[in-house]
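The structure appears right after this line, and notes come after that.
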Amino acid sequence: MSWGTLLERKTILLLDDAAEMHLLIKKALEPMQVNFIPSFNERDLIANIINNVSTLSLVLLDVYMPEKDGFAVFQAIKDRFVTRKFKVAFLTGAKEKNVVMQGLGLKADAYIIKPFTVEDFRDKVRKIVG
């Protein structure tokens, strides 16, 4: 599946404090020909959103982060980017029902639970961004 030239490619950002997850997601997304940009903290994520807003399709957020949890970061994104055209999904190992409901209650576009297969992850990303 080709989504266009490098300049037209969709951009996907990931906020996760684990470098291994960044490598896994980057590798999983390679066949989809998207621009992948990792972020390790909220400050970097917001800067990456601003710098890539024209091609940004999806922001993936881990729930459990050392400084600010993914729910608080999502609220900050909603507050700062009121007219956003990009999707936001949680990508996390947090699978407790109350945590999932909290994420969906914030009106996230999706909630992807780790662990997952690479194909399942790609399918979910395709469904989210179209």
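Residue numbering restarts at 1 in every chain; chains get A, B, ... in the order shown in the structure tokens, and ligands count up from 1 in that same order.
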Where does stretch 8-49 of chain A meet stretch 98-122 of chain A within 12 Å, residue by residue, with the nearest atom pair and distance in Å to one decimal for each, counting only C-alpha atoms, listed by chain and rising number, as JSON lines?
{"residue": "A:Met21", "atom": "CA", "partner": "A:Lys114", "partner_atom": "CA", "distance": 10.2}
{"residue": "A:Leu24", "atom": "CA", "partner": "A:Val118", "partner_atom": "CA", "distance": 8.7}
{"residue": "A:Ile25", "atom": "CA", "partner": "A:Val118", "partner_atom": "CA", "distance": 8.5}
{"residue": "A:Lys26", "atom": "CA", "partner": "A:Val118", "partner_atom": "CA", "distance": 10.8}
{"residue": "A:Lys27", "atom": "CA", "partner": "A:Val118", "partner_atom": "CA", "distance": 9.0}
{"residue": "A:Ala28", "atom": "CA", "partner": "A:Val118", "partner_atom": "CA", "distance": 5.8}
{"residue": "A:Leu29", "atom": "CA", "partner": "A:Arg122", "partner_atom": "CA", "distance": 7.0}
{"residue": "A:Glu30", "atom": "CA", "partner": "A:Arg122", "partner_atom": "CA", "distance": 10.0}
{"residue": "A:Pro31", "atom": "CA", "partner": "A:Arg122", "partner_atom": "CA", "distance": 9.2}
{"residue": "A:Met32", "atom": "CA", "partner": "A:Arg122", "partner_atom": "CA", "distance": 8.0}
{"residue": "A:Gln33", "atom": "CA", "partner": "A:Arg122", "partner_atom": "CA", "distance": 11.5}
{"residue": "A:Val34", "atom": "CA", "partner": "A:Arg122", "partner_atom": "CA", "distance": 11.4}
Problem set entry | chain A: residues DSSP assigns to strand (DSSP E), reported as a PyMOL selection string | chain A and resi 11-15+35-39+56-61+87-92+110-113
Problem set entry | Between atom CA of A:Arg43 and atom CA of A:Ile128, distance in Å (one decimal) | 24.5 Å
Problem set entry | Option closest in space to A:Asp69, from A:Glu42, A:Asp123, A:Glu20, A:Glu96 [counting only C-alpha atoms] | A:Glu42
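When only C-alpha atoms are used to compute distances to A:Ala72, the closest of the residues A:Asn52, A:Asn41, A:Asn35, A:Thr11 turns out to be A:Asn41.
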For this session: as an MDAnalysis selection string, please: all residues of stretch 5-123 of chain A that backbone DSSP puts in alpha helix (DSSP H).
Result: chainID A and resid 19:29 42:52 70:80 97:105 118:123
Exercise. Can you tell me, as a PyMOL selection string, what residues are no more than 12 Å from A:Ser54 when counting only C-alpha atoms, ignoring any on the same chain fewer than 3 positions away?
Worked result: chain A and resi 7-12+48-51+57-58+84-86
Keeping only all heavy atoms, write the selected residues to a file as a compact mmCIF listing (two decimals), in the first residue's frame.
# COMPACT_ATOMS: atom_id res chain seq x y z
N LEU A 7 6.95 13.74 0.24
CA LEU A 7 6.36 15.00 0.65
C LEU A 7 4.86 14.88 0.93
O LEU A 7 4.30 15.66 1.67
CB LEU A 7 6.60 16.09 -0.40
CG LEU A 7 8.06 16.49 -0.58
CD1 LEU A 7 8.18 17.49 -1.72
CD2 LEU A 7 8.64 17.06 0.70
N GLU A 8 4.21 13.91 0.32
CA GLU A 8 2.78 13.73 0.50
C GLU A 8 2.44 12.66 1.53
O GLU A 8 1.29 12.47 1.88
CB GLU A 8 2.14 13.31 -0.84
CG GLU A 8 2.28 14.34 -1.92
CD GLU A 8 1.89 13.79 -3.29
OE1 GLU A 8 1.74 12.55 -3.42
OE2 GLU A 8 1.74 14.58 -4.21
N ARG A 9 3.44 11.96 2.02
CA ARG A 9 3.20 10.87 2.95
C ARG A 9 2.54 11.34 4.22
O ARG A 9 2.77 12.43 4.70
CB ARG A 9 4.52 10.20 3.35
CG ARG A 9 5.09 9.30 2.33
CD ARG A 9 6.32 8.64 2.89
NE ARG A 9 6.95 7.81 1.87
CZ ARG A 9 8.08 7.17 2.07
NH1 ARG A 9 8.71 7.26 3.22
NH2 ARG A 9 8.60 6.45 1.12
N LYS A 10 1.75 10.46 4.75
CA LYS A 10 1.14 10.72 6.06
C LYS A 10 2.21 10.60 7.13
O LYS A 10 3.17 9.84 7.00
CB LYS A 10 0.01 9.72 6.31
CG LYS A 10 -1.12 9.87 5.32
CD LYS A 10 -2.23 8.90 5.58
CE LYS A 10 -3.31 9.10 4.54
NZ LYS A 10 -4.56 8.50 4.89
N THR A 11 2.04 11.36 8.19
CA THR A 11 2.99 11.34 9.29
C THR A 11 2.32 10.76 10.53
O THR A 11 1.18 11.09 10.83
CB THR A 11 3.49 12.78 9.60
OG1 THR A 11 4.16 13.27 8.43
CG2 THR A 11 4.45 12.79 10.77
N ILE A 12 3.05 9.89 11.21
CA ILE A 12 2.57 9.28 12.44
C ILE A 12 3.60 9.57 13.53
O ILE A 12 4.79 9.33 13.36
CB ILE A 12 2.36 7.76 12.28
CG1 ILE A 12 1.24 7.52 11.25
CG2 ILE A 12 2.03 7.11 13.62
CD1 ILE A 12 0.97 6.07 10.94
N ASN A 48 6.82 18.36 17.65
CA ASN A 48 6.68 17.54 16.46
C ASN A 48 5.31 17.71 15.81
O ASN A 48 5.20 17.68 14.58
CB ASN A 48 6.95 16.07 16.78
CG ASN A 48 8.42 15.79 16.99
OD1 ASN A 48 9.29 16.44 16.41
ND2 ASN A 48 8.71 14.82 17.84
N ILE A 49 4.28 17.88 16.60
CA ILE A 49 2.95 18.14 16.04
C ILE A 49 2.97 19.46 15.27
O ILE A 49 2.53 19.53 14.12
CB ILE A 49 1.86 18.16 17.14
CG1 ILE A 49 1.65 16.75 17.72
CG2 ILE A 49 0.54 18.72 16.58
CD1 ILE A 49 0.74 16.71 18.93
N ILE A 50 3.49 20.50 15.89
CA ILE A 50 3.55 21.82 15.25
C ILE A 50 4.34 21.76 13.95
O ILE A 50 3.91 22.30 12.92
CB ILE A 50 4.14 22.87 16.22
CG1 ILE A 50 3.16 23.11 17.37
CG2 ILE A 50 4.48 24.17 15.49
CD1 ILE A 50 3.75 23.89 18.54
N ASN A 51 5.48 21.08 13.97
CA ASN A 51 6.36 21.02 12.80
C ASN A 51 5.83 20.13 11.68
O ASN A 51 6.32 20.22 10.56
CB ASN A 51 7.76 20.54 13.21
CG ASN A 51 8.47 21.56 14.07
OD1 ASN A 51 8.22 22.75 13.98
ND2 ASN A 51 9.36 21.08 14.92
N SER A 57 -1.23 12.60 10.45
CA SER A 57 -2.44 11.78 10.38
C SER A 57 -2.81 11.16 11.71
O SER A 57 -3.98 10.98 12.02
CB SER A 57 -2.26 10.65 9.37
OG SER A 57 -2.09 11.16 8.08
N LEU A 58 -1.77 10.81 12.50
CA LEU A 58 -2.04 10.05 13.71
C LEU A 58 -0.97 10.32 14.77
O LEU A 58 0.21 10.36 14.46
CB LEU A 58 -2.06 8.55 13.39
CG LEU A 58 -2.26 7.56 14.53
CD1 LEU A 58 -3.59 7.77 15.25
CD2 LEU A 58 -2.14 6.13 14.02
N ARG A 84 -8.01 20.33 15.30
CA ARG A 84 -7.09 19.34 14.73
C ARG A 84 -7.78 18.46 13.70
O ARG A 84 -8.95 18.12 13.84
CB ARG A 84 -6.47 18.49 15.84
CG ARG A 84 -7.44 17.59 16.55
CD ARG A 84 -6.77 16.81 17.67
NE ARG A 84 -7.74 16.15 18.50
CZ ARG A 84 -8.21 14.93 18.25
NH1 ARG A 84 -7.79 14.26 17.24
NH2 ARG A 84 -9.11 14.40 19.06
N LYS A 85 -7.00 18.10 12.67
CA LYS A 85 -7.51 17.20 11.65
C LYS A 85 -6.89 15.81 11.78
O LYS A 85 -7.28 14.89 11.10
CB LYS A 85 -7.20 17.76 10.27
CG LYS A 85 -7.91 19.08 10.01
CD LYS A 85 -7.69 19.53 8.59
CE LYS A 85 -8.12 20.91 8.32
NZ LYS A 85 -9.33 21.39 8.29
N PHE A 86 -5.92 15.67 12.67
CA PHE A 86 -5.26 14.39 12.87
C PHE A 86 -5.97 13.58 13.97
O PHE A 86 -6.68 14.13 14.79
CB PHE A 86 -3.78 14.58 13.21
CG PHE A 86 -3.52 15.45 14.42
CD1 PHE A 86 -3.48 14.92 15.70
CD2 PHE A 86 -3.31 16.82 14.26
CE1 PHE A 86 -3.24 15.74 16.80
CE2 PHE A 86 -3.07 17.64 15.35
CZ PHE A 86 -3.03 17.10 16.62
For this session: Skip A:Leu60 itself and residues of its chain fewer than 3 positions away, then list as a list of chain:residue names all residues within 8 Å of it, counting only C-alpha atoms.
Result: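 Contacts, with the query itself left out: A:Ile12, A:Leu13, A:Leu14, A:Leu15, A:Val88, A:Ala89, A:Phe90, A:Leu91.
Closest approach to A:Lys78 among A:Ile46, A:Gly93, A:Phe36, A:Ala18 is made by A:Ile46 (distances from only C-alpha atoms).
For the pair atom CA of A:Thr83 and atom CA of A:Thr55, the interatomic distance is 14.7 Å.
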Problem set entry | atom CA of A:Lys124 to atom CA of A:Phe40, straight-line distance in Å |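 Between atom CA of A:Phe40 and atom CA of A:Lys124 the gap is 22.4 Å.
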